[in-house]
Amino acid sequence: MGYRLNDNGNRDVPCPMNSKVLQLPKNLHGRDFVVGDIHFKITDLHRGLHALDFDKAKDRLIAVGDLIDRGPGVLDGLKLLGEPWFFSVQGNHERMLIDAYEANPNARYSAHGAGWWMTIADESKAMIIGKLRSLPIAIEVQSDRGVVGVVHADVPAGMAWSTFLEQLENPAMEEIALWGRDRIVKHHREGVPGVWRVCTGHTWIPRPLRLGNVLALDVTGGADGSLAIYSIQEDKIFIDGVATSIDQADCLSEQLQELERRAGALKTTVNSNKLIETQVMAAELESVAKLVNSMWQDVREGVEEQQRLVNALHGLSLATGELRGAKLDELCARHENTQVEALLRRLLG
């Protein structure tokens with residue numbers, strides 16, 4: 001079951017649609033935010049929203065799934081499912097609870113931080129499962145900058161966003177959407193074609209990460225710490241109201257400074273003939289060096305992509321007639337559903 005949306009972009013009444021995908025129109029009156037895995041950390045969530053002056057009357061919050069388990073705010077967390085300004089995709093924790101309940105409604109399920117389930121009255125469980133089951137696997141948010149996709153875990157490397165949505169009826173594709181980790185584990189940097197941004201959670205990382213146009217937002221894994229909240233309109237990630245850079249050039253500068261600091265500390269330790277400490281610090285230094293190298297690849301690829309766009313625009317400026325139209329269509333297709341496509345259509349279409 002999906003939802004018809006009123007003029008504010010909030011839920012109005014249920015209406016039939018593809019239950020795997022929820023499409024949210026452009027928010028004409030407020031802002032849109034995407035939050036990483038909440039895991040019932042409701043106090044942390046409201047603190048982060050308050051720092052951003054979140055307005056429930058006109059702003060919207062979209063969650064990447066895993067609303068449930070691990071944290072203390074059970075009842076307040078479940079209440080979010082009924083709020084008109086709150087939307088969420090289904091995460092693997094929701095799916096595990098649904099599967100356990102459908103296998104045996106009377107089972108005392110408590111795996112993976114779900115001990116709260118045993119405190120819920122039996123007569124309320126079917127209603128909660130129904131709400132969790134109705135959550136989509138993916139959400140699309142329209143914005144001035146382009147389409148923002150939200151999915152819990154991953155999109156297969158190299159697959160276009162539209163193809164991913166079309167194949168969500170396939171259990172194997174749904175499995176990747178709920179459980180996939182390849183993009184972060186293997187540090188795939190090419191992003192997802194055909195969409196401006198994709199927001200994910202599921203895989204814990206110490207700080208928000210951008211891989212191409214994919215933003216990884218699970219910075220707590222349900223443990224202590226503040227939640228990462230992405231502002232679509234500003235294209236910034238905030239933690240307790242403080243912006244954290246998703247620009248790879250800025251991140252690269254920070255990591256280069258960290259690399260220099262660790263190298264200096266390692267040199268001091270080596271000179272002190274502390275063998276064990278030296279081995280530990282060398283391993284840490286190697287880890288930072290690998291991260292710096294990966295970030296540099298991202299920056300280099302970004303520069304190369306900008307150069308390709310400049311070259312394509314130069315070729316377009318020299319074309320006339322039908323050839324110009326064909327080149328424009330080709331260029332727009334390459335940047336489908338992004339801010340670049342909108343700009344090209346507005347200026348040249």
# chains A, B, ... in the order shown; residues from 1 in each chain; ligands from 1
call {"tool": "select_by_dssp", "arguments": {"residues": "stretch 95-130 of chain A", "states": "alpha helix (DSSP H)", "output": "MDAnalysis selection string"}}
result
chainID A and resid 95:103 122:130
call {"tool": "write_last_selection", "arguments": {"atoms": "C-alpha atoms", "output": "PDB file, in the first residue's frame"}}
result
ATOM      1  CA  ARG A  95      12.343  -7.755   7.421  1.00  0.00           C
ATOM      2  CA  MET A  96      13.792 -10.135  10.044  1.00  0.00           C
ATOM      3  CA  LEU A  97      10.965  -9.308  12.462  1.00  0.00           C
ATOM      4  CA  ILE A  98       8.325  -9.699   9.747  1.00  0.00           C
ATOM      5  CA  ASP A  99       9.730 -13.081   8.696  1.00  0.00           C
ATOM      6  CA  ALA A 100       9.899 -14.307  12.302  1.00  0.00           C
ATOM      7  CA  TYR A 101       6.309 -13.247  12.995  1.00  0.00           C
ATOM      8  CA  GLU A 102       4.974 -14.804   9.808  1.00  0.00           C
ATOM      9  CA  ALA A 103       6.787 -18.050  10.595  1.00  0.00           C
ATOM     10  CA  ASP A 122      -0.049  -9.712  21.648  1.00  0.00           C
ATOM     11  CA  GLU A 123      -3.083  -7.818  20.347  1.00  0.00           C
ATOM     12  CA  SER A 124      -0.814  -5.020  19.042  1.00  0.00           C
ATOM     13  CA  LYS A 125       1.706  -7.179  17.216  1.00  0.00           C
ATOM     14  CA  ALA A 126      -0.312  -7.798  14.049  1.00  0.00           C
ATOM     15  CA  MET A 127      -0.894  -4.052  13.643  1.00  0.00           C
ATOM     16  CA  ILE A 128       2.820  -3.278  14.029  1.00  0.00           C
ATOM     17  CA  ILE A 129       3.797  -5.997  11.564  1.00  0.00           C
ATOM     18  CA  GLY A 130       1.242  -4.623   9.110  1.00  0.00           C
TER      19      GLY A 130
END
call {"tool": "residues_around", "arguments": {"residues": "stretch 45-51 of chain A", "least_positions_apart": "2", "cutoff": "7 Å", "atoms": "only C-alpha atoms", "output": "PDB file with N, CA and C atoms, in the first residue's frame"}}
result
ATOM      1  N   LYS A  41      16.708   5.124  18.405  1.00  0.00           N
ATOM      2  CA  LYS A  41      17.465   6.188  19.090  1.00  0.00           C
ATOM      3  C   LYS A  41      16.701   7.510  18.895  1.00  0.00           C
ATOM      4  N   ILE A  42      15.517   7.577  19.483  1.00  0.00           N
ATOM      5  CA  ILE A  42      14.608   8.683  19.211  1.00  0.00           C
ATOM      6  C   ILE A  42      15.080   9.986  19.849  1.00  0.00           C
ATOM      7  N   THR A  43      15.668   9.915  21.020  1.00  0.00           N
ATOM      8  CA  THR A  43      16.216  11.130  21.639  1.00  0.00           C
ATOM      9  C   THR A  43      17.289  11.744  20.752  1.00  0.00           C
ATOM     10  N   ASP A  53      16.158  22.973  13.093  1.00  0.00           N
ATOM     11  CA  ASP A  53      14.872  23.701  13.087  1.00  0.00           C
ATOM     12  C   ASP A  53      13.834  22.977  12.244  1.00  0.00           C
ATOM     13  N   PHE A  54      13.772  21.665  12.399  1.00  0.00           N
ATOM     14  CA  PHE A  54      12.821  20.853  11.645  1.00  0.00           C
ATOM     15  C   PHE A  54      11.396  21.291  11.982  1.00  0.00           C
ATOM     16  N   LEU A 227      23.093  10.807  15.161  1.00  0.00           N
ATOM     17  CA  LEU A 227      22.679  10.342  13.846  1.00  0.00           C
ATOM     18  C   LEU A 227      23.100  11.329  12.757  1.00  0.00           C
ATOM     19  N   ILE A 239      25.408  16.471  11.567  1.00  0.00           N
ATOM     20  CA  ILE A 239      25.401  15.683  12.799  1.00  0.00           C
ATOM     21  C   ILE A 239      25.199  16.662  13.944  1.00  0.00           C
ATOM     22  N   ASP A 240      24.039  16.555  14.593  1.00  0.00           N
ATOM     23  CA  ASP A 240      23.649  17.511  15.641  1.00  0.00           C
ATOM     24  C   ASP A 240      23.736  18.948  15.149  1.00  0.00           C
ATOM     25  N   GLY A 241      23.292  19.173  13.925  1.00  0.00           N
ATOM     26  CA  GLY A 241      23.231  20.517  13.377  1.00  0.00           C
ATOM     27  C   GLY A 241      24.517  21.043  12.790  1.00  0.00           C
TER      28      GLY A 241
END
call {"tool": "closest_residue", "arguments": {"among": "A:Leu313, A:Leu344, A:Leu81, A:Ala153", "to": "A:Asp218", "atoms": "only C-alpha atoms"}}
result
A:Ala153
call {"tool": "atom_distance", "arguments": {"atom1": "atom CA of A:Asp66", "atom2": "atom CA of A:Gln142"}}
result
22.9 Å
call {"tool": "closest_atom_pairs", "arguments": {"of": "stretch 211-293 of chain A", "to": "stretch 15-39 of chain A", "cutoff": "12 Å", "atoms": "only C-alpha atoms", "output": "CSV"}}
result
residue,atom,partner,partner_atom,distance
A:Leu215,CA,A:Gly36,CA,9.9
A:Ala216,CA,A:Gly36,CA,7.9
A:Leu217,CA,A:Gly36,CA,4.6
A:Asp218,CA,A:Gly36,CA,4.8
A:Val219,CA,A:Gly36,CA,7.3
A:Thr220,CA,A:Asp37,CA,7.7
A:Gly221,CA,A:Asp37,CA,6.8
A:Gly222,CA,A:His39,CA,5.2
A:Ala223,CA,A:His39,CA,8.7
A:Asp224,CA,A:His39,CA,10.8
A:Gly225,CA,A:Ile38,CA,10.9
A:Ser226,CA,A:Ile38,CA,9.8
A:Leu227,CA,A:Gly36,CA,6.4
A:Ala228,CA,A:Gly36,CA,5.7
A:Ile229,CA,A:Val35,CA,4.4
A:Tyr230,CA,A:Val34,CA,5.0
A:Ser231,CA,A:Phe33,CA,4.6
A:Ile232,CA,A:Asp32,CA,5.7
A:Gln233,CA,A:Arg31,CA,6.5
A:Glu234,CA,A:Arg31,CA,9.1
A:Asp235,CA,A:Phe33,CA,9.7
A:Lys236,CA,A:Phe33,CA,9.8
A:Ile237,CA,A:Val34,CA,9.0
A:Phe238,CA,A:Val35,CA,9.5
A:Ile239,CA,A:Val35,CA,10.1
A:Asp240,CA,A:Val35,CA,11.7
